[in-house]
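S.K.: So I've got this file, model-v4.txt, and it contains compact mmCIF, N, CA and C atoms:
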```txt
# COMPACT_ATOMS: atom_id res chain seq x y z
N MET A 982 17.82 -34.81 -32.68
CA MET A 982 18.22 -35.06 -31.31
C MET A 982 19.35 -34.13 -30.90
N LYS A 983 20.31 -33.95 -31.81
CA LYS A 983 21.44 -33.07 -31.52
C LYS A 983 20.97 -31.64 -31.30
N PHE A 984 19.95 -31.22 -32.08
CA PHE A 984 19.39 -29.88 -31.95
C PHE A 984 18.78 -29.70 -30.56
N LEU A 985 18.04 -30.66 -30.06
CA LEU A 985 17.42 -30.59 -28.74
C LEU A 985 18.47 -30.56 -27.64
N HIS A 986 19.54 -31.32 -27.80
CA HIS A 986 20.61 -31.35 -26.81
C HIS A 986 21.30 -29.98 -26.71
N SER A 987 21.60 -29.38 -27.85
CA SER A 987 22.27 -28.06 -27.83
C SER A 987 21.32 -26.98 -27.31
N ARG A 988 20.05 -27.09 -27.61
CA ARG A 988 19.06 -26.13 -27.11
C ARG A 988 18.92 -26.25 -25.58
N PHE A 989 18.90 -27.49 -25.08
CA PHE A 989 18.83 -27.72 -23.65
C PHE A 989 20.07 -27.15 -22.95
N LEU A 990 21.24 -27.37 -23.55
CA LEU A 990 22.48 -26.85 -23.00
C LEU A 990 22.45 -25.32 -22.97
N MET A 991 21.91 -24.70 -24.00
CA MET A 991 21.81 -23.24 -24.07
C MET A 991 20.89 -22.71 -22.97
N VAL A 992 19.78 -23.39 -22.71
CA VAL A 992 18.85 -22.99 -21.65
C VAL A 992 19.54 -23.08 -20.29
N ILE A 993 20.30 -24.13 -20.05
CA ILE A 993 21.03 -24.30 -18.79
C ILE A 993 22.04 -23.17 -18.61
N ILE A 994 22.81 -22.87 -19.63
CA ILE A 994 23.82 -21.80 -19.54
C ILE A 994 23.15 -20.45 -19.30
N LEU A 995 22.10 -20.15 -20.02
CA LEU A 995 21.38 -18.89 -19.85
C LEU A 995 20.79 -18.78 -18.45
N SER A 996 20.23 -19.87 -17.93
CA SER A 996 19.67 -19.87 -16.58
C SER A 996 20.75 -19.59 -15.54
N CYS A 997 21.89 -20.22 -15.68
CA CYS A 997 23.00 -19.98 -14.74
C CYS A 997 23.47 -18.53 -14.81
N PHE A 998 23.56 -17.98 -16.00
CA PHE A 998 23.97 -16.59 -16.17
C PHE A 998 22.99 -15.65 -15.48
N LEU A 999 21.70 -15.85 -15.72
CA LEU A 999 20.69 -14.99 -15.11
C LEU A 999 20.67 -15.13 -13.59
N TRP A 1000 20.86 -16.34 -13.09
CA TRP A 1000 20.90 -16.55 -11.64
C TRP A 1000 22.09 -15.81 -11.03
N THR A 1001 23.26 -15.91 -11.68
CA THR A 1001 24.46 -15.22 -11.20
C THR A 1001 24.27 -13.71 -11.26
N LEU A 1002 23.71 -13.22 -12.34
CA LEU A 1002 23.47 -11.78 -12.50
C LEU A 1002 22.51 -11.27 -11.43
N SER A 1003 21.45 -12.03 -11.16
CA SER A 1003 20.50 -11.59 -10.13
C SER A 1003 21.14 -11.57 -8.75
N ALA A 1004 22.07 -12.47 -8.47
CA ALA A 1004 22.75 -12.48 -7.18
C ALA A 1004 23.66 -11.27 -7.03
N ILE A 1005 24.26 -10.83 -8.13
CA ILE A 1005 25.17 -9.68 -8.09
C ILE A 1005 24.39 -8.37 -8.02
N VAL A 1006 23.31 -8.25 -8.78
CA VAL A 1006 22.57 -7.00 -8.91
C VAL A 1006 21.51 -6.84 -7.82
N SER A 1007 21.10 -7.91 -7.16
CA SER A 1007 20.03 -7.84 -6.16
C SER A 1007 20.37 -6.89 -5.02
N PRO A 1008 19.36 -6.12 -4.59
CA PRO A 1008 19.60 -5.25 -3.45
C PRO A 1008 19.64 -6.09 -2.17
N THR A 1009 20.17 -5.50 -1.13
CA THR A 1009 20.15 -6.21 0.14
C THR A 1009 18.70 -6.36 0.58
N VAL A 1010 18.42 -7.40 1.30
CA VAL A 1010 17.07 -7.67 1.74
C VAL A 1010 16.66 -6.62 2.78
N LEU A 1011 15.50 -6.04 2.57
CA LEU A 1011 14.99 -5.03 3.48
C LEU A 1011 13.91 -5.65 4.36
N ALA A 1012 14.02 -5.44 5.65
CA ALA A 1012 13.02 -5.99 6.57
C ALA A 1012 11.82 -5.05 6.64
N VAL A 1013 10.66 -5.63 6.82
CA VAL A 1013 9.43 -4.85 6.96
C VAL A 1013 9.46 -4.16 8.32
N THR A 1014 9.12 -2.88 8.33
CA THR A 1014 9.04 -2.11 9.57
C THR A 1014 7.58 -1.87 9.89
N GLN A 1015 7.17 -2.26 11.09
CA GLN A 1015 5.80 -2.05 11.54
C GLN A 1015 5.67 -0.63 12.10
N ILE A 1016 4.61 0.06 11.73
CA ILE A 1016 4.34 1.42 12.17
C ILE A 1016 3.05 1.40 12.98
N LYS A 1017 3.11 1.88 14.22
CA LYS A 1017 1.91 1.95 15.05
C LYS A 1017 1.17 3.24 14.73
N LEU A 1018 -0.14 3.13 14.47
CA LEU A 1018 -0.97 4.30 14.19
C LEU A 1018 -1.89 4.55 15.38
N SER A 1019 -2.00 5.81 15.80
CA SER A 1019 -2.83 6.14 16.96
C SER A 1019 -3.48 7.51 16.77
N ASP A 1020 -4.30 7.88 17.75
CA ASP A 1020 -5.00 9.18 17.74
C ASP A 1020 -5.73 9.42 16.42
N LEU A 1021 -6.44 8.40 15.94
CA LEU A 1021 -7.11 8.48 14.65
C LEU A 1021 -8.37 9.34 14.73
N SER A 1022 -8.56 10.13 13.71
CA SER A 1022 -9.79 10.91 13.55
C SER A 1022 -9.98 11.14 12.06
N TYR A 1023 -11.12 11.72 11.70
CA TYR A 1023 -11.35 12.01 10.29
C TYR A 1023 -12.14 13.30 10.17
N LYS A 1024 -12.07 13.88 8.98
CA LYS A 1024 -12.85 15.09 8.67
C LYS A 1024 -13.17 15.05 7.19
N GLU A 1025 -14.16 15.83 6.80
CA GLU A 1025 -14.50 15.90 5.38
C GLU A 1025 -13.38 16.59 4.62
N CYS A 1026 -13.20 16.18 3.39
CA CYS A 1026 -12.18 16.80 2.54
C CYS A 1026 -12.58 18.22 2.19
N PRO A 1027 -11.59 19.09 1.98
CA PRO A 1027 -11.92 20.39 1.45
C PRO A 1027 -12.48 20.22 0.03
N PRO A 1028 -13.28 21.17 -0.45
CA PRO A 1028 -13.95 21.03 -1.75
C PRO A 1028 -13.01 20.68 -2.91
N GLU A 1029 -11.80 21.23 -2.92
CA GLU A 1029 -10.90 20.96 -4.04
C GLU A 1029 -10.43 19.50 -4.08
N LEU A 1030 -10.40 18.82 -2.95
CA LEU A 1030 -10.04 17.39 -2.93
C LEU A 1030 -11.25 16.49 -3.16
N ALA A 1031 -12.43 16.95 -2.76
CA ALA A 1031 -13.63 16.13 -2.83
C ALA A 1031 -14.26 16.08 -4.22
N GLU A 1032 -13.95 17.03 -5.04
CA GLU A 1032 -14.61 17.14 -6.35
C GLU A 1032 -14.38 15.89 -7.20
N GLY A 1033 -15.48 15.31 -7.67
CA GLY A 1033 -15.42 14.15 -8.58
C GLY A 1033 -15.14 12.83 -7.90
N ALA A 1034 -15.26 12.74 -6.57
CA ALA A 1034 -14.99 11.49 -5.86
C ALA A 1034 -16.03 10.43 -6.21
N ILE A 1035 -15.53 9.21 -6.44
CA ILE A 1035 -16.43 8.08 -6.67
C ILE A 1035 -16.07 6.99 -5.66
N ALA A 1036 -17.06 6.19 -5.28
CA ALA A 1036 -16.85 5.14 -4.28
C ALA A 1036 -16.09 3.97 -4.88
N PRO A 1037 -15.11 3.41 -4.14
CA PRO A 1037 -14.37 2.25 -4.65
C PRO A 1037 -15.26 1.02 -4.71
N GLY A 1038 -15.08 0.21 -5.76
CA GLY A 1038 -15.82 -1.02 -5.88
C GLY A 1038 -17.25 -0.86 -6.35
N ARG A 1039 -17.67 0.35 -6.59
CA ARG A 1039 -19.05 0.58 -7.06
C ARG A 1039 -18.96 1.28 -8.40
N ASP A 1040 -19.91 1.00 -9.25
CA ASP A 1040 -19.88 1.55 -10.61
C ASP A 1040 -20.27 3.03 -10.61
N PHE A 1041 -19.28 3.89 -10.52
CA PHE A 1041 -19.44 5.33 -10.63
C PHE A 1041 -20.50 5.91 -9.69
N MET A 1042 -20.51 5.42 -8.46
CA MET A 1042 -21.43 5.95 -7.46
C MET A 1042 -20.80 7.17 -6.81
N GLU A 1043 -21.60 8.21 -6.64
CA GLU A 1043 -21.12 9.41 -5.96
C GLU A 1043 -20.58 9.04 -4.58
N ALA A 1044 -19.58 9.77 -4.14
CA ALA A 1044 -18.95 9.44 -2.87
C ALA A 1044 -18.65 10.70 -2.07
N ASN A 1045 -18.52 10.50 -0.78
CA ASN A 1045 -18.03 11.54 0.11
C ASN A 1045 -16.55 11.31 0.32
N CYS A 1046 -15.82 12.39 0.40
CA CYS A 1046 -14.37 12.33 0.58
C CYS A 1046 -14.05 12.65 2.04
N PHE A 1047 -13.17 11.84 2.64
CA PHE A 1047 -12.75 12.07 4.01
C PHE A 1047 -11.23 11.99 4.11
N LEU A 1048 -10.69 12.76 5.03
CA LEU A 1048 -9.27 12.69 5.35
C LEU A 1048 -9.13 12.06 6.72
N ILE A 1049 -8.44 10.92 6.77
CA ILE A 1049 -8.14 10.28 8.05
C ILE A 1049 -6.78 10.78 8.48
N ASN A 1050 -6.68 11.21 9.73
CA ASN A 1050 -5.38 11.65 10.22
C ASN A 1050 -5.12 11.07 11.59
N GLY A 1051 -3.87 11.11 11.97
CA GLY A 1051 -3.46 10.55 13.25
C GLY A 1051 -1.96 10.65 13.39
N LYS A 1052 -1.44 9.83 14.29
CA LYS A 1052 -0.01 9.80 14.55
C LYS A 1052 0.56 8.45 14.15
N ALA A 1053 1.75 8.49 13.56
CA ALA A 1053 2.46 7.29 13.15
C ALA A 1053 3.75 7.19 13.97
N GLU A 1054 3.95 6.04 14.61
CA GLU A 1054 5.13 5.85 15.44
C GLU A 1054 6.08 4.85 14.78
N ASN A 1055 7.24 5.35 14.39
CA ASN A 1055 8.28 4.55 13.75
C ASN A 1055 9.42 4.37 14.75
N THR A 1056 9.55 3.17 15.30
CA THR A 1056 10.58 2.91 16.30
C THR A 1056 11.85 2.30 15.71
N SER A 1057 11.95 2.21 14.39
CA SER A 1057 13.09 1.54 13.76
C SER A 1057 14.38 2.37 13.79
N GLY A 1058 14.25 3.67 13.97
CA GLY A 1058 15.44 4.52 13.92
C GLY A 1058 15.83 4.93 12.51
N LYS A 1059 15.11 4.42 11.51
CA LYS A 1059 15.37 4.75 10.10
C LYS A 1059 14.09 5.26 9.46
N PRO A 1060 14.19 6.17 8.49
CA PRO A 1060 12.98 6.59 7.78
C PRO A 1060 12.36 5.42 7.03
N VAL A 1061 11.04 5.40 6.98
CA VAL A 1061 10.31 4.37 6.23
C VAL A 1061 9.61 5.06 5.08
N VAL A 1062 9.69 4.47 3.89
CA VAL A 1062 9.04 5.05 2.72
C VAL A 1062 7.92 4.15 2.23
N ASP A 1063 6.91 4.77 1.66
CA ASP A 1063 5.77 4.05 1.07
C ASP A 1063 5.17 3.04 2.05
N ALA A 1064 4.85 3.49 3.24
CA ALA A 1064 4.25 2.59 4.25
C ALA A 1064 2.79 2.34 3.90
N ASP A 1065 2.43 1.09 3.70
CA ASP A 1065 1.05 0.72 3.41
C ASP A 1065 0.22 0.84 4.68
N VAL A 1066 -0.96 1.46 4.56
CA VAL A 1066 -1.87 1.64 5.70
C VAL A 1066 -3.03 0.66 5.55
N TYR A 1067 -3.26 -0.09 6.62
CA TYR A 1067 -4.35 -1.06 6.65
C TYR A 1067 -5.29 -0.70 7.79
N GLY A 1068 -6.55 -0.96 7.61
CA GLY A 1068 -7.52 -0.71 8.67
C GLY A 1068 -8.91 -1.05 8.19
N ARG A 1069 -9.83 -0.99 9.12
CA ARG A 1069 -11.23 -1.24 8.81
C ARG A 1069 -12.03 0.01 9.11
N VAL A 1070 -12.89 0.37 8.16
CA VAL A 1070 -13.74 1.54 8.32
C VAL A 1070 -15.19 1.06 8.24
N TYR A 1071 -15.98 1.44 9.26
CA TYR A 1071 -17.38 1.05 9.33
C TYR A 1071 -18.25 2.29 9.33
N ASP A 1072 -19.47 2.15 8.80
CA ASP A 1072 -20.42 3.27 8.84
C ASP A 1072 -21.15 3.28 10.19
N ALA A 1073 -22.11 4.16 10.35
CA ALA A 1073 -22.84 4.30 11.62
C ALA A 1073 -23.62 3.05 12.00
N ASN A 1074 -23.93 2.19 11.01
CA ASN A 1074 -24.66 0.94 11.27
C ASN A 1074 -23.73 -0.26 11.41
N ASN A 1075 -22.45 -0.02 11.57
CA ASN A 1075 -21.41 -1.06 11.69
C ASN A 1075 -21.25 -1.91 10.44
N ASN A 1076 -21.60 -1.36 9.28
CA ASN A 1076 -21.37 -2.04 8.02
C ASN A 1076 -20.02 -1.60 7.46
N PRO A 1077 -19.25 -2.54 6.88
CA PRO A 1077 -17.96 -2.15 6.33
C PRO A 1077 -18.13 -1.16 5.17
N VAL A 1078 -17.34 -0.12 5.20
CA VAL A 1078 -17.38 0.90 4.16
C VAL A 1078 -16.68 0.41 2.89
N MET A 1079 -15.59 -0.33 3.08
CA MET A 1079 -14.82 -0.87 1.95
C MET A 1079 -14.75 -2.38 2.12
N GLU A 1080 -15.79 -3.04 1.68
CA GLU A 1080 -15.89 -4.48 1.86
C GLU A 1080 -14.76 -5.20 1.14
N ASN A 1081 -14.19 -6.20 1.79
CA ASN A 1081 -13.10 -7.02 1.25
C ASN A 1081 -11.86 -6.20 0.91
N ARG A 1082 -11.68 -5.08 1.57
CA ARG A 1082 -10.50 -4.26 1.30
C ARG A 1082 -10.03 -3.66 2.62
N THR A 1083 -8.81 -4.01 3.03
CA THR A 1083 -8.27 -3.44 4.26
C THR A 1083 -7.11 -2.49 3.98
N ARG A 1084 -6.49 -2.58 2.79
CA ARG A 1084 -5.44 -1.61 2.46
C ARG A 1084 -6.13 -0.34 2.01
N LEU A 1085 -5.87 0.74 2.74
CA LEU A 1085 -6.57 1.99 2.49
C LEU A 1085 -5.73 3.01 1.73
N GLY A 1086 -4.44 2.82 1.69
CA GLY A 1086 -3.55 3.76 1.02
C GLY A 1086 -2.15 3.63 1.55
N SER A 1087 -1.38 4.72 1.44
CA SER A 1087 0.00 4.67 1.93
C SER A 1087 0.43 6.04 2.44
N ILE A 1088 1.48 6.00 3.23
CA ILE A 1088 2.12 7.21 3.73
C ILE A 1088 3.47 7.29 3.03
N ASP A 1089 3.73 8.40 2.33
CA ASP A 1089 4.96 8.52 1.54
C ASP A 1089 6.21 8.32 2.38
N GLN A 1090 6.31 9.05 3.50
CA GLN A 1090 7.49 8.94 4.36
C GLN A 1090 7.08 9.00 5.82
N VAL A 1091 7.68 8.10 6.61
CA VAL A 1091 7.47 8.10 8.06
C VAL A 1091 8.85 8.22 8.70
N PRO A 1092 9.19 9.41 9.22
CA PRO A 1092 10.51 9.57 9.83
C PRO A 1092 10.58 8.82 11.16
N PRO A 1093 11.78 8.59 11.67
CA PRO A 1093 11.90 7.95 12.98
C PRO A 1093 11.18 8.79 14.04
N GLY A 1094 10.60 8.11 15.02
CA GLY A 1094 9.86 8.81 16.07
C GLY A 1094 8.38 8.86 15.74
N THR A 1095 7.71 9.86 16.32
CA THR A 1095 6.27 10.02 16.11
C THR A 1095 6.02 11.21 15.21
N SER A 1096 5.17 11.01 14.21
CA SER A 1096 4.85 12.08 13.26
C SER A 1096 3.37 12.02 12.90
N GLU A 1097 2.89 13.08 12.31
CA GLU A 1097 1.49 13.16 11.88
C GLU A 1097 1.37 12.55 10.48
N PHE A 1098 0.20 11.98 10.18
CA PHE A 1098 -0.07 11.49 8.83
C PHE A 1098 -1.50 11.84 8.45
N GLU A 1099 -1.76 11.80 7.15
CA GLU A 1099 -3.09 12.06 6.63
C GLU A 1099 -3.32 11.16 5.43
N LEU A 1100 -4.52 10.62 5.31
CA LEU A 1100 -4.86 9.67 4.27
C LEU A 1100 -6.25 9.98 3.74
N ARG A 1101 -6.41 10.03 2.44
CA ARG A 1101 -7.70 10.34 1.81
C ARG A 1101 -8.42 9.05 1.46
N ILE A 1102 -9.72 8.99 1.81
CA ILE A 1102 -10.57 7.86 1.41
C ILE A 1102 -11.87 8.39 0.82
N SER A 1103 -12.49 7.58 -0.01
CA SER A 1103 -13.81 7.89 -0.56
C SER A 1103 -14.81 6.89 -0.03
N VAL A 1104 -15.97 7.38 0.40
CA VAL A 1104 -17.01 6.54 0.99
C VAL A 1104 -18.31 6.81 0.23
N ALA A 1105 -19.01 5.74 -0.13
CA ALA A 1105 -20.27 5.88 -0.87
C ALA A 1105 -21.17 6.90 -0.17
N GLU A 1106 -21.76 7.76 -0.97
CA GLU A 1106 -22.56 8.88 -0.47
C GLU A 1106 -23.75 8.43 0.38
N ASP A 1107 -24.28 7.23 0.11
CA ASP A 1107 -25.48 6.77 0.82
C ASP A 1107 -25.18 6.10 2.17
N LEU A 1108 -23.92 5.97 2.56
CA LEU A 1108 -23.59 5.34 3.84
C LEU A 1108 -23.63 6.36 4.96
N PRO A 1109 -24.29 6.00 6.08
CA PRO A 1109 -24.45 6.97 7.17
C PRO A 1109 -23.17 7.14 8.00
N THR A 1110 -22.96 8.34 8.45
CA THR A 1110 -21.85 8.65 9.34
C THR A 1110 -22.41 8.80 10.75
N PRO A 1111 -21.62 8.76 11.78
CA PRO A 1111 -20.17 8.87 11.81
C PRO A 1111 -19.49 7.54 11.44
N LEU A 1112 -18.29 7.68 10.93
CA LEU A 1112 -17.48 6.51 10.58
C LEU A 1112 -16.76 6.00 11.82
N LYS A 1113 -16.48 4.70 11.81
CA LYS A 1113 -15.71 4.08 12.89
C LYS A 1113 -14.41 3.56 12.27
N LEU A 1114 -13.29 3.93 12.87
CA LEU A 1114 -11.97 3.54 12.38
C LEU A 1114 -11.39 2.51 13.33
N GLU A 1115 -11.12 1.30 12.84
CA GLU A 1115 -10.64 0.22 13.70
C GLU A 1115 -9.48 -0.53 13.07
N GLN A 1116 -8.66 -1.12 13.94
CA GLN A 1116 -7.55 -2.00 13.56
C GLN A 1116 -6.59 -1.34 12.57
N PHE A 1117 -6.26 -0.09 12.77
CA PHE A 1117 -5.34 0.59 11.87
C PHE A 1117 -3.90 0.27 12.21
N LYS A 1118 -3.11 0.03 11.16
CA LYS A 1118 -1.68 -0.20 11.30
C LYS A 1118 -1.03 0.11 9.96
N ALA A 1119 0.27 0.20 9.97
CA ALA A 1119 1.00 0.46 8.73
C ALA A 1119 2.30 -0.35 8.75
N SER A 1120 2.83 -0.60 7.57
CA SER A 1120 4.13 -1.26 7.47
C SER A 1120 4.80 -0.81 6.18
N GLY A 1121 6.11 -0.75 6.23
CA GLY A 1121 6.86 -0.31 5.06
C GLY A 1121 8.31 -0.73 5.17
N PHE A 1122 9.14 -0.17 4.31
CA PHE A 1122 10.55 -0.52 4.23
C PHE A 1122 11.40 0.73 4.38
N SER A 1123 12.66 0.53 4.75
CA SER A 1123 13.56 1.67 4.91
C SER A 1123 14.15 2.12 3.57
N GLY A 1124 13.77 1.49 2.49
CA GLY A 1124 14.20 1.88 1.15
C GLY A 1124 13.13 1.52 0.15
N LYS A 1125 13.22 2.09 -1.03
CA LYS A 1125 12.26 1.78 -2.08
C LYS A 1125 12.36 0.30 -2.43
N VAL A 1126 11.21 -0.35 -2.60
CA VAL A 1126 11.19 -1.75 -2.96
C VAL A 1126 11.43 -1.90 -4.45
N ARG A 1127 10.83 -1.05 -5.25
CA ARG A 1127 11.04 -1.08 -6.71
C ARG A 1127 12.30 -0.32 -7.04
N ARG A 1128 13.02 -0.85 -7.98
CA ARG A 1128 14.25 -0.17 -8.38
C ARG A 1128 13.98 0.59 -9.66
N GLU A 1129 14.41 1.81 -9.71
CA GLU A 1129 14.12 2.70 -10.84
C GLU A 1129 14.64 2.16 -12.17
N PHE A 1130 15.85 1.58 -12.21
CA PHE A 1130 16.41 1.15 -13.48
C PHE A 1130 15.76 -0.10 -14.03
N LEU A 1131 14.92 -0.77 -13.27
CA LEU A 1131 14.25 -1.98 -13.76
C LEU A 1131 12.92 -1.67 -14.42
N ARG A 1132 12.48 -0.44 -14.41
CA ARG A 1132 11.18 -0.10 -14.99
C ARG A 1132 11.24 -0.03 -16.48
```
Let's see the structure in the file written out as structure tokens.

M.R.:
Amino acid sequence: MKFLHSRFLMVIILSCFLWTLSAIVSPTVLAVTQIKLSDLSYKECPPELAEGAIAPGRDFMEANCFLINGKAENTSGKPVVDADVYGRVYDANNNPVMENRTRLGSIDQVPPGTSEFELRISVAEDLPTPLKLEQFKASGFSGKVRREFLR
């Protein structure tokens, strides 16, 4: 019984220490910044980017490579890093190109104001074009979410 009591006390002390340490070391909370995406278009990838492309979610199916580009509007006044891009891509028959997947990639840096962006996607070779790009948006933070020293 005495062993269990001292072990319980040790767990309580260790928990308090870790809680205090996390409060001291924790970064300030970063708010999500919404990025408006507009003027969307796409083009086929140059051969050096397209080589070896496979379709996501399919077992090693040949794919076509496309670059989606457009404008990203960051109204926060601060640079945004690693902005996740979400959207829906449909083929010529209005079938989803990436079923059950709306996160398409990320933009490394979005400076304040309006800037150009480009995003690479792979689409199964058997899906008909032209592609339809809908409901595109992005969001990110003004600082890295992962901390380098914690890796």

S.K.: With DSSP run on the backbone, what are the strand (DSSP E) residues within region 1012-1089 of chain A? I'd like them as a VMD selection string.

M.R.: chain A and resid 1014 to 1025 1044 to 1055 1061 to 1071 1084 to 1089

S.K.: Could you give me, as a list in words, the residues within 7 Å of Asp1107 (chain A), counting only N, CA and C atoms and dropping anything in the same chain fewer than 3 positions from it?

M.R.: Glu1043, Ala1044, Asn1045 and Val1104 of chain A

S.K.: Just how far from CA of Ile1088 (chain A) is atom N of Arg1101 (chain A), in Å to one decimal?

M.R.: 9.1 Å

S.K.: Among the residues of region 1010-1101 of chain A, find those DSSP assigns to helix (DSSP H, G or I) from the backbone and print them as a list in words.

M.R.: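 The helix (DSSP H, G or I) residues within region 1010-1101 of chain A come out as Pro1028, Glu1029, Leu1030 and Ala1031 of chain A.
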
S.K.: Export N, CA and C atoms of the chosen residues as a PDB file, keeping the file's coordinate frame?

M.R.:
```pdb
ATOM      1  N   PRO A1028     -13.280  21.170  -0.450  1.00  0.00           N
ATOM      2  CA  PRO A1028     -13.950  21.030  -1.750  1.00  0.00           C
ATOM      3  C   PRO A1028     -13.010  20.680  -2.910  1.00  0.00           C
ATOM      4  N   GLU A1029     -11.800  21.230  -2.920  1.00  0.00           N
ATOM      5  CA  GLU A1029     -10.900  20.960  -4.040  1.00  0.00           C
ATOM      6  C   GLU A1029     -10.430  19.500  -4.080  1.00  0.00           C
ATOM      7  N   LEU A1030     -10.400  18.820  -2.950  1.00  0.00           N
ATOM      8  CA  LEU A1030     -10.040  17.390  -2.930  1.00  0.00           C
ATOM      9  C   LEU A1030     -11.250  16.490  -3.160  1.00  0.00           C
ATOM     10  N   ALA A1031     -12.430  16.950  -2.760  1.00  0.00           N
ATOM     11  CA  ALA A1031     -13.630  16.130  -2.830  1.00  0.00           C
ATOM     12  C   ALA A1031     -14.260  16.080  -4.220  1.00  0.00           C
TER      13      ALA A1031
END
```

S.K.: So the first atom is CA of Val1062 (chain A) and the second is CA of Pro1028 (chain A); what is the distance between them in Å, to one decimal place?

M.R.: 28.4 Å

S.K.: Once you count only N, CA and C atoms, which residues end up no further than 8 Å from (-15.8, -4.6, 7.3) in the file's frame, shown as a PyMOL selection string?

M.R.: chain A and resi 1068-1072+1075-1082

S.K.: Output the selection as a JSON list (two decimals), in the frame of the given file - N, CA and C atoms for each residue.

M.R.:
```json
[["chain", "number", "residue", "atom", "x", "y", "z"],
["A", 1068, "GLY", "N", -6.55, -0.96, 7.61],
["A", 1068, "GLY", "CA", -7.52, -0.71, 8.67],
["A", 1068, "GLY", "C", -8.91, -1.05, 8.19],
["A", 1069, "ARG", "N", -9.83, -0.99, 9.12],
["A", 1069, "ARG", "CA", -11.23, -1.24, 8.81],
["A", 1069, "ARG", "C", -12.03, 0.01, 9.11],
["A", 1070, "VAL", "N", -12.89, 0.37, 8.16],
["A", 1070, "VAL", "CA", -13.74, 1.54, 8.32],
["A", 1070, "VAL", "C", -15.19, 1.06, 8.24],
["A", 1071, "TYR", "N", -15.98, 1.44, 9.26],
["A", 1071, "TYR", "CA", -17.38, 1.05, 9.33],
["A", 1071, "TYR", "C", -18.25, 2.29, 9.33],
["A", 1072, "ASP", "N", -19.47, 2.15, 8.80],
["A", 1072, "ASP", "CA", -20.42, 3.27, 8.84],
["A", 1072, "ASP", "C", -21.15, 3.28, 10.19],
["A", 1075, "ASN", "N", -22.45, -0.02, 11.57],
["A", 1075, "ASN", "CA", -21.41, -1.06, 11.69],
["A", 1075, "ASN", "C", -21.25, -1.91, 10.44],
["A", 1076, "ASN", "N", -21.60, -1.36, 9.28],
["A", 1076, "ASN", "CA", -21.37, -2.04, 8.02],
["A", 1076, "ASN", "C", -20.02, -1.60, 7.46],
["A", 1077, "PRO", "N", -19.25, -2.54, 6.88],
["A", 1077, "PRO", "CA", -17.96, -2.15, 6.33],
["A", 1077, "PRO", "C", -18.13, -1.16, 5.17],
["A", 1078, "VAL", "N", -17.34, -0.12, 5.20],
["A", 1078, "VAL", "CA", -17.38, 0.90, 4.16],
["A", 1078, "VAL", "C", -16.68, 0.41, 2.89],
["A", 1079, "MET", "N", -15.59, -0.33, 3.08],
["A", 1079, "MET", "CA", -14.82, -0.87, 1.95],
["A", 1079, "MET", "C", -14.75, -2.38, 2.12],
["A", 1080, "GLU", "N", -15.79, -3.04, 1.68],
["A", 1080, "GLU", "CA", -15.89, -4.48, 1.86],
["A", 1080, "GLU", "C", -14.76, -5.20, 1.14],
["A", 1081, "ASN", "N", -14.19, -6.20, 1.79],
["A", 1081, "ASN", "CA", -13.10, -7.02, 1.25],
["A", 1081, "ASN", "C", -11.86, -6.20, 0.91],
["A", 1082, "ARG", "N", -11.68, -5.08, 1.57],
["A", 1082, "ARG", "CA", -10.50, -4.26, 1.30],
["A", 1082, "ARG", "C", -10.03, -3.66, 2.62]]
```

S.K.: List the spatial neighbours of Ala1012 (chain A) as an mmCIF file with N, CA and C atoms, keeping the file's coordinate frame - criterion: any atom at most 7 Å away, only N, CA and C atoms, same-chain residues fewer than 4 positions off excluded.

M.R.:
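selection.cif written:
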```cif
data_model
loop_
_atom_site.group_PDB
_atom_site.id
_atom_site.type_symbol
_atom_site.label_atom_id
_atom_site.label_comp_id
_atom_site.auth_asym_id
_atom_site.auth_seq_id
_atom_site.Cartn_x
_atom_site.Cartn_y
_atom_site.Cartn_z
ATOM 1 N N GLY A 1121 6.110 -0.750 6.230
ATOM 2 C CA GLY A 1121 6.860 -0.310 5.060
ATOM 3 C C GLY A 1121 8.310 -0.730 5.170
ATOM 4 N N PHE A 1122 9.140 -0.170 4.310
ATOM 5 C CA PHE A 1122 10.550 -0.520 4.230
ATOM 6 C C PHE A 1122 11.400 0.730 4.380
ATOM 7 N N SER A 1123 12.660 0.530 4.750
ATOM 8 C CA SER A 1123 13.560 1.670 4.910
ATOM 9 C C SER A 1123 14.150 2.120 3.570
#
```

S.K.: Report, in Å to a single decimal, how far apart atom C of Ala1105 (chain A) and atom N of Tyr1067 (chain A) are.

M.R.: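 Separating atom N of Tyr1067 (chain A) from atom C of Ala1105 (chain A) is a distance of 20.4 Å.
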
S.K.: Using only C-alpha atoms, pick whichever of A:Val1013, A:Cys1026, A:Val1091, A:Leu1021 has the shortest atom-to-atom distance to Asn1050 (chain A).

M.R.: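 Ranking A:Val1013, A:Cys1026, A:Val1091, A:Leu1021 by distance to Asn1050 (chain A), first place goes to A:Leu1021.
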
S.K.: Just checking: using only N, CA and C atoms, which residue out of A:Ser1022, A:Thr1014, A:Asn1074, A:Gln1090 ends up closest to Pro1111 (chain A)?

M.R.: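 Ranked by minimum distance to Pro1111 (chain A), first place goes to A:Asn1074.
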
S.K.: Write out as a ChimeraX atom specification the residues lying within 7 Å of region 1052-1057 of chain A, counting only N, CA and C atoms and excluding same-chain residues fewer than 6 positions away.

M.R.: /A:1014-1021,1091-1098

S.K.: Nearest to Ala1119 (chain A) among A:Ile1049, A:Gly1086, A:Lys1059, A:Ala1073, with distances taken over only C-alpha atoms: which residue is it?

M.R.: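 With only C-alpha atoms as the atom set, the closest residue is A:Gly1086.
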